[in-house]
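So this block is final_24.tsv, TSV, C-alpha atoms and all ligand atoms:
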chain	number	residue	atom	x	y	z
A	56	MET	CA	127.70	160.45	99.47
A	57	PHE	CA	130.68	162.77	100.07
A	58	GLN	CA	133.78	160.79	101.11
A	59	PRO	CA	136.70	162.29	103.05
A	60	VAL	CA	140.04	161.60	101.35
A	61	ILE	CA	141.68	160.91	104.71
A	62	SER	CA	139.68	159.35	107.53
A	63	ILE	CA	141.26	158.44	110.86
A	64	GLN	CA	139.45	156.69	113.71
A	65	ASN	CA	140.90	155.97	117.17
A	66	LEU	CA	144.40	155.64	115.75
A	67	SER	CA	147.20	154.75	118.17
A	68	HIS	CA	150.86	154.09	117.48
A	69	HIS	CA	153.80	152.66	119.45
A	70	PHE	CA	157.52	152.57	118.77
A	71	GLY	CA	159.88	149.93	120.12
A	72	HIS	CA	159.33	146.61	121.82
A	73	GLY	CA	159.32	145.16	125.31
A	74	GLN	CA	160.48	147.59	127.96
A	75	LEU	CA	161.37	150.14	125.31
A	76	ARG	CA	157.86	150.16	123.89
A	77	LYS	CA	156.52	153.69	123.92
A	78	GLN	CA	153.14	154.97	122.82
A	79	VAL	CA	153.44	158.13	120.71
A	80	LEU	CA	149.92	158.51	119.24
A	81	PHE	CA	146.77	158.19	121.33
A	82	ASP	CA	143.28	157.77	119.95
A	83	ILE	CA	143.54	160.16	116.98
A	84	ASN	CA	140.32	161.01	115.14
A	85	LEU	CA	140.41	163.22	112.05
A	86	GLN	CA	138.61	163.55	108.73
A	87	ILE	CA	140.09	165.56	105.88
A	88	ASN	CA	137.99	166.45	102.86
A	89	ALA	CA	139.00	166.68	99.22
A	90	GLY	CA	140.67	169.99	98.42
A	91	GLU	CA	141.26	170.97	102.05
A	92	ILE	CA	144.55	172.46	103.23
A	93	VAL	CA	145.10	171.25	106.78
A	94	ILE	CA	148.03	172.48	108.84
A	95	MET	CA	149.19	170.43	111.83
A	96	THR	CA	151.02	172.29	114.60
A	97	GLY	CA	152.34	171.22	118.00
A	98	PRO	CA	155.51	171.05	120.08
A	99	SER	CA	158.54	169.01	119.10
A	100	GLY	CA	158.00	165.33	119.82
A	101	SER	CA	154.19	165.57	119.93
A	102	GLY	CA	153.80	163.03	117.12
A	103	LYS	CA	153.14	165.16	114.03
A	104	THR	CA	155.68	163.50	111.75
A	105	THR	CA	154.64	160.06	112.96
A	106	LEU	CA	151.03	160.78	112.01
A	107	LEU	CA	152.11	162.16	108.63
A	108	THR	CA	154.18	159.08	107.85
A	109	LEU	CA	151.27	156.79	108.75
A	110	VAL	CA	148.91	158.71	106.45
A	111	GLY	CA	151.55	158.55	103.71
A	112	GLY	CA	151.97	154.78	104.08
A	113	LEU	CA	155.66	155.32	104.93
A	114	ARG	CA	155.16	153.14	107.99
A	115	SER	CA	152.46	150.71	108.90
A	116	ALA	CA	149.59	151.89	111.10
A	117	GLN	CA	149.01	149.54	114.04
A	118	PHE	CA	145.77	150.19	115.94
A	119	GLY	CA	142.53	151.87	114.93
A	120	GLY	CA	141.31	152.85	111.49
A	121	LEU	CA	143.10	154.84	108.78
A	122	GLN	CA	141.57	155.10	105.32
A	123	VAL	CA	143.37	157.11	102.67
A	124	LEU	CA	141.59	157.51	99.33
A	125	GLY	CA	139.29	154.69	100.36
A	126	ARG	CA	142.15	152.26	101.12
A	127	GLU	CA	142.54	150.86	104.65
A	128	LEU	CA	146.14	151.36	105.77
A	129	CYS	CA	145.82	150.02	109.30
A	130	GLY	CA	147.32	146.54	109.23
A	131	ALA	CA	147.96	146.88	105.47
A	132	LYS	CA	150.52	144.62	103.77
A	133	ASP	CA	153.77	146.10	102.39
A	134	LYS	CA	152.47	145.69	98.86
A	135	ASP	CA	149.40	147.83	99.64
A	136	LEU	CA	151.50	150.44	101.42
A	137	THR	CA	153.73	150.69	98.34
A	138	ILE	CA	150.70	151.29	96.14
A	139	ALA	CA	149.37	153.88	98.61
A	140	ARG	CA	152.74	155.71	98.72
A	141	ARG	CA	152.75	156.15	94.96
A	142	GLN	CA	149.52	158.10	95.07
A	143	HIS	CA	150.87	161.01	97.09
A	144	GLY	CA	153.22	163.90	96.58
A	145	TYR	CA	155.76	164.56	99.35
A	146	ILE	CA	157.53	167.77	100.27
A	147	PHE	CA	160.10	167.72	103.07
A	148	GLN	CA	162.19	170.29	104.85
A	149	ALA	CA	165.37	169.12	103.20
A	150	HIS	CA	163.63	168.93	99.81
A	151	ASN	CA	165.37	165.62	99.01
A	152	LEU	CA	166.44	166.59	95.52
A	153	HIS	CA	169.04	164.48	93.73
A	154	GLY	CA	172.17	166.58	93.49
A	155	SER	CA	173.49	164.73	90.44
A	156	LEU	CA	170.31	165.34	88.41
A	157	THR	CA	169.19	168.59	86.82
A	158	VAL	CA	166.10	170.39	88.00
A	159	LEU	CA	164.16	169.04	85.00
A	160	GLN	CA	165.32	165.46	85.67
A	161	ASN	CA	164.36	165.76	89.34
A	162	VAL	CA	160.84	166.84	88.46
A	163	LYS	CA	160.57	164.16	85.77
A	164	MET	CA	161.17	161.59	88.51
A	165	GLY	CA	157.80	162.60	89.95
A	166	LEU	CA	156.26	161.08	86.81
A	167	GLU	CA	158.31	157.94	86.45
A	168	LEU	CA	155.77	155.76	88.23
A	169	HIS	CA	153.20	156.90	85.69
A	170	SER	CA	154.29	154.55	82.99
A	171	HIS	CA	151.56	155.46	80.51
A	172	LEU	CA	153.53	158.61	79.61
A	173	SER	CA	156.34	158.57	77.04
A	174	LEU	CA	159.69	160.07	78.04
A	175	ALA	CA	159.01	163.03	75.78
A	176	GLU	CA	155.63	163.68	77.42
A	177	MET	CA	157.21	163.46	80.86
A	178	GLU	CA	159.76	166.02	79.86
A	179	VAL	CA	157.12	168.42	78.52
A	180	ARG	CA	154.99	168.10	81.66
A	181	ALA	CA	157.98	168.52	83.96
A	182	ALA	CA	159.05	171.64	82.05
A	183	GLN	CA	155.50	173.07	82.21
A	184	MET	CA	155.35	172.44	85.94
A	185	LEU	CA	158.69	174.18	86.44
A	186	GLU	CA	157.38	177.11	84.42
A	187	GLN	CA	154.42	177.28	86.81
A	188	VAL	CA	156.68	177.49	89.84
A	189	GLY	CA	158.72	180.25	88.17
A	190	LEU	CA	161.77	178.17	87.26
A	191	GLY	CA	161.25	177.88	83.50
A	192	GLU	CA	164.66	179.49	82.98
A	193	ARG	CA	166.45	177.04	85.27
A	194	LEU	CA	165.54	173.65	83.77
A	195	HIS	CA	169.12	172.51	83.28
A	196	TYR	CA	170.56	173.85	86.52
A	197	TYR	CA	171.66	171.50	89.28
A	198	PRO	CA	170.11	171.84	92.78
A	199	ASN	CA	173.37	173.16	94.23
A	200	ASP	CA	173.19	176.16	91.91
A	201	LEU	CA	169.81	177.23	93.33
A	202	SER	CA	168.77	179.13	96.46
A	203	GLY	CA	166.91	177.34	99.26
A	204	GLY	CA	163.59	178.80	98.13
A	205	GLN	CA	164.22	177.75	94.53
A	206	LYS	CA	165.11	174.21	95.63
A	207	GLN	CA	161.88	174.01	97.58
A	208	ARG	CA	159.98	175.19	94.51
A	209	VAL	CA	161.57	172.32	92.56
A	210	ALA	CA	160.39	169.95	95.31
A	211	ILE	CA	156.87	171.39	94.97
A	212	ALA	CA	156.99	170.93	91.20
A	213	ARG	CA	158.12	167.32	91.66
A	214	ALA	CA	155.37	166.62	94.21
A	215	LEU	CA	152.60	168.14	92.09
A	216	VAL	CA	153.64	167.23	88.54
A	217	SER	CA	151.66	163.97	88.64
A	218	HIS	CA	148.55	165.79	89.97
A	219	PRO	CA	148.32	163.66	93.13
A	220	LYS	CA	145.10	163.83	95.13
A	221	ILE	CA	147.08	164.26	98.36
A	222	VAL	CA	150.30	166.14	99.15
A	223	LEU	CA	152.03	165.58	102.49
A	224	ALA	CA	154.45	168.27	103.56
A	225	ASP	CA	156.75	168.14	106.62
A	226	GLU	CA	158.19	171.51	107.67
A	227	PRO	CA	158.48	172.75	104.07
A	228	THR	CA	159.57	176.24	105.17
A	229	ALA	CA	161.92	175.29	108.01
A	230	ALA	CA	165.11	175.94	106.08
A	231	LEU	CA	163.90	179.16	104.45
A	232	ASP	CA	163.95	182.85	105.34
A	233	SER	CA	160.52	184.36	105.99
A	234	LYS	CA	159.98	185.81	102.49
A	235	SER	CA	160.99	182.58	100.70
A	236	GLY	CA	158.92	180.53	103.16
A	237	ARG	CA	155.90	182.68	102.52
A	238	ASP	CA	156.37	182.46	98.72
A	239	VAL	CA	156.71	178.68	98.88
A	240	VAL	CA	153.49	178.07	100.82
A	241	THR	CA	151.51	180.59	98.76
A	242	LEU	CA	152.66	178.72	95.68
A	243	MET	CA	151.64	175.39	97.21
A	244	GLN	CA	148.26	176.84	98.09
A	245	THR	CA	147.66	178.25	94.58
A	246	LEU	CA	148.68	175.05	92.80
A	247	ALA	CA	146.76	172.81	95.19
A	248	LYS	CA	143.59	174.85	94.72
A	249	GLU	CA	144.06	174.74	90.92
A	250	GLN	CA	144.50	170.97	90.97
A	251	GLY	CA	141.87	170.27	93.66
A	252	CYS	CA	144.57	168.59	95.71
A	253	THR	CA	144.37	168.01	99.48
A	254	ILE	CA	147.35	169.13	101.57
A	255	LEU	CA	148.34	167.95	105.03
A	256	LEU	CA	151.22	170.14	106.21
A	257	VAL	CA	153.22	169.94	109.43
A	258	THR	CA	154.85	173.17	110.58
A	259	HIS	CA	156.25	175.16	113.48
A	260	ASP	CA	156.11	178.28	111.35
A	261	ASN	CA	153.31	180.51	112.68
A	262	ARG	CA	153.73	182.93	109.78
A	263	ILE	CA	152.16	180.54	107.29
A	264	LEU	CA	149.09	179.41	109.25
A	265	ASP	CA	146.73	181.61	107.24
A	266	VAL	CA	147.04	179.44	104.11
A	267	ALA	CA	145.17	176.68	105.95
A	268	ASP	CA	141.48	175.91	105.67
A	269	ARG	CA	141.86	174.17	109.01
A	270	ILE	CA	144.48	173.97	111.75
A	271	VAL	CA	144.82	170.88	113.93
A	272	HIS	CA	147.03	170.87	117.00
A	273	MET	CA	148.92	167.93	118.50
A	274	GLU	CA	150.01	167.74	122.11
A	275	ASP	CA	151.70	164.67	123.66
A	276	GLY	CA	150.41	162.37	120.94
A	277	ARG	CA	146.83	163.61	121.04
A	278	LEU	CA	144.90	165.94	118.77
A	279	THR	CA	143.80	168.69	121.11
A	280	ASN	CA	142.34	171.30	118.82
A	281	ASN	CA	140.66	171.43	115.42
A	282	THR	CA	140.01	174.95	114.11
A	283	VAL	CA	138.16	175.50	110.84
A	284	LEU	CA	139.24	178.71	109.09
A	285	SER	CA	137.34	178.24	105.83
A	286	ALA	CA	134.94	175.48	104.86
A	287	VAL	CA	135.83	173.53	101.72
A	288	ALA	CA	132.73	172.27	99.94
A	301	LIG	N1	161.61	155.67	114.59
A	301	LIG	C1	161.34	155.96	115.87
A	301	LIG	N2	161.65	155.10	116.86
A	301	LIG	C2	161.38	155.38	118.16
A	301	LIG	N3	160.79	156.51	118.58
A	301	LIG	C3	160.47	157.41	117.64
A	301	LIG	C4	160.72	157.20	116.24
A	301	LIG	N4	160.28	158.28	115.55
A	301	LIG	C5	159.78	159.13	116.47
A	301	LIG	N5	159.90	158.62	117.72
A	301	LIG	C6	159.42	159.26	118.97
A	301	LIG	O1	158.03	159.51	118.80
A	301	LIG	C7	157.67	160.76	119.38
A	301	LIG	C8	157.01	161.62	118.32
A	301	LIG	O2	157.96	161.98	117.33
A	301	LIG	P1	157.59	162.82	116.02
A	301	LIG	O3	158.82	162.91	115.19
A	301	LIG	O4	156.38	162.23	115.40
A	301	LIG	O5	157.21	164.23	116.66
A	301	LIG	P2	157.06	165.65	115.96
A	301	LIG	O6	155.88	166.28	116.59
A	301	LIG	O7	157.02	165.47	114.47
A	301	LIG	O8	158.38	166.39	116.39
A	301	LIG	P3	159.24	167.53	115.61
A	301	LIG	O9	158.34	168.72	115.57
A	301	LIG	O10	160.43	167.69	116.49
A	301	LIG	O11	159.57	166.97	114.25
A	301	LIG	C9	158.96	161.35	119.94
A	301	LIG	O12	159.00	161.06	121.31
A	301	LIG	C10	160.05	160.62	119.19
A	301	LIG	O13	161.20	160.52	120.00
Just dump the structure as C-alpha cells.
Ligand SMILES: Nc1ncnc2c1ncn2[C@@H]1O[C@H](COP(=O)(O)OP(=O)(O)OP(=O)(O)O)[C@@H](O)[C@H]1O
Amino acid sequence: MFQPVISIQNLSHHFGHGQLRKQVLFDINLQINAGEIVIMTGPSGSGKTTLLTLVGGLRSAQFGGLQVLGRELCGAKDKDLTIARRQHGYIFQAHNLHGSLTVLQNVKMGLELHSHLSLAEMEVRAAQMLEQVGLGERLHYYPNDLSGGQKQRVAIARALVSHPKIVLADEPTAALDSKSGRDVVTLMQTLAKEQGCTILLVTHDNRILDVADRIVHMEDGRLTNNTVLSAVA
C-alpha cells in the first residue's frame, strides 16, 4: 500500500519547564506523500520552524505520532534522531555555507556521510550538481565571492547532491530579491521533481506559493488550512 513519507498524528510540542512551560504546537495532523512539494505559511511565531525541526529530527518530538520515512521520531533516542537527520537535505535562509571552503568543497560535504563513495567520486558528483544549478564555472570560488542567489544555489546543490528523499527548507528566499528568490525556488522545484524528492518549505514569501502542490497554513500552533493545488500520484 502507498505510504506517506511524512505522517503526523496529534502532534503537540512544548518549550520550557515549570512556570515557563509553553505549548507551541497543538494537535497537528498532516500526511505528506512522496514527491510532493508542500509549502507551510503562517504568521511569525505560529510554530512553522518548530514543526520543521521536529520533522527533520533536529529536536525530539514529545507528544503524538511523527513518522518520517517509516521511522517513529516521537520519543526517539538521540541515536535514532541522528540517523534520521542524515537522510534529509536542509536549506536555510542564511544558507549556512562554510566561508573557508570553496563552493565545490561545500557541496562535497553533502556527500561525506555517504561513505561508500570515494573522494574522487564525491568530487565528480558535487561538480555535476553545481553544473545543474548553473554554477559549473564557479567551483573554486569562495561563498563570499558569490551573490545571495548564487550562495542559495550552492546550498540547494549541497542539499540535493546526495539525492535525499526529503528536503526541508526554512525561508530559503528570505534574503533574496524577488527575481533571485523566484529562480531559486523554480530550481528547487525542477530538481526535486527530477529526483522524486519531497519538499517541505516554510515561507512568508507569497510570490513563490505557486511552486507548491499543496499549501498548509499554521496559526497559533495549529494547522488551520490545507489546500491541494495539484495532486501528486
Ligand atoms: N528554543 C525555544 N525555546 C523557547 N521557545 C521557543 C523556542 N523556539 C521557538 N520558541 C517559541 O515557539 C513559538 C513558535 O516559534 P517558531 O519559530 O516555530 O515560529 P515560526 O512560525 O517559525 O516563526 P517565524 O516565522 O518568525 O520564523 C514562538 O512563540 C517562539 O517564541
Legend entry - Nearby polymer residues, ligand LIG 301 (chain A), at most 9 Å, all atoms listed in the file, as an MDAnalysis selection string: chainID A and resid 69:71 75:80 96:108 225:226 257:259 273:276
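Taking all atoms listed in the file into account, Gln122 of chain A lies nearest to A:Pro59 out of the set A:Ala210, A:Val188, A:Pro59, A:Leu264.
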Exercise: residues within 8 Å of coordinate (148.8, 169.8, 108.8), counting only C-alpha atoms, as an mmCIF file with C-alpha atoms, keeping the file's coordinate frame:
data_model
loop_
_atom_site.group_PDB
_atom_site.id
_atom_site.type_symbol
_atom_site.label_atom_id
_atom_site.label_comp_id
_atom_site.auth_asym_id
_atom_site.auth_seq_id
_atom_site.Cartn_x
_atom_site.Cartn_y
_atom_site.Cartn_z
ATOM 1 C CA ILE A 92 144.550 172.460 103.230
ATOM 2 C CA VAL A 93 145.100 171.250 106.780
ATOM 3 C CA ILE A 94 148.030 172.480 108.840
ATOM 4 C CA MET A 95 149.190 170.430 111.830
ATOM 5 C CA THR A 96 151.020 172.290 114.600
ATOM 6 C CA ALA A 224 154.450 168.270 103.560
ATOM 7 C CA ILE A 254 147.350 169.130 101.570
ATOM 8 C CA LEU A 255 148.340 167.950 105.030
ATOM 9 C CA LEU A 256 151.220 170.140 106.210
ATOM 10 C CA VAL A 257 153.220 169.940 109.430
ATOM 11 C CA THR A 258 154.850 173.170 110.580
ATOM 12 C CA ILE A 270 144.480 173.970 111.750
ATOM 13 C CA VAL A 271 144.820 170.880 113.930
#
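Take atom CA of Leu124 of chain A and atom CA of Val60 of chain A: the distance between them is 4.8 Å.
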Legend entry - Gly204 of chain A environment, 12 Å, only C-alpha atoms, sequence neighbours closer than 3 positions dropped, as a PyMOL selection string: chain A and resi 148-150+188-190+198-201+207-211+227-240+242
Inset, instruction - Considering all atoms listed in the file, state which residue in the set A:Lys206, A:His272, A:Arg180, A:Arg126 is at the smallest distance from Ala139 of chain A. - result: A:Arg126
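Among the candidate residues A:Met177, A:Leu223, A:Asn161, A:Ala214, the one lying nearest to Tyr197 of chain A is A:Asn161, with distances computed using all atoms listed in the file.
Atom pair atom CA of Gly165 of chain A / atom CA of Arg213 of chain A has a distance of 5.0 Å (rounded to one decimal).
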Residue neighbourhood Lys248 of chain A, 9 Å, all atoms listed in the file, exclusion window fewer than 5 positions, as a PDB file with C-alpha atoms, in the coordinates of the input:
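Result went into around.pdb, see below:
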ATOM      1  CA  GLY A  90     140.670 169.990  98.420  1.00  0.00           C
ATOM      2  CA  GLU A  91     141.260 170.970 102.050  1.00  0.00           C
ATOM      3  CA  ILE A  92     144.550 172.460 103.230  1.00  0.00           C
ATOM      4  CA  MET A 243     151.640 175.390  97.210  1.00  0.00           C
ATOM      5  CA  THR A 253     144.370 168.010  99.480  1.00  0.00           C
TER       6      THR A 253
END
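Among the candidates A:Leu156, A:Leu128, A:Val266, A:Leu246, the residue lying nearest to Gln187 of chain A is A:Leu246 (atoms considered: all atoms listed in the file).
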Inset, instruction - Using only C-alpha atoms, determine which residues lie at most 8 Å from Ile61 of chain A, disregarding the query and same-chain residues fewer than 5 positions distant; provide the list as a VMD selection string. - result: chain A and resid 85 to 88 110 121 to 125
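Comparing A:Thr157, A:Asn65, A:Ser115, A:Thr282 by their smallest distance to Leu185 of chain A, the closest is A:Thr157 (using all atoms listed in the file).
Between atom CA of His72 of chain A and atom CA of Ala116 of chain A the separation is 15.4 Å.
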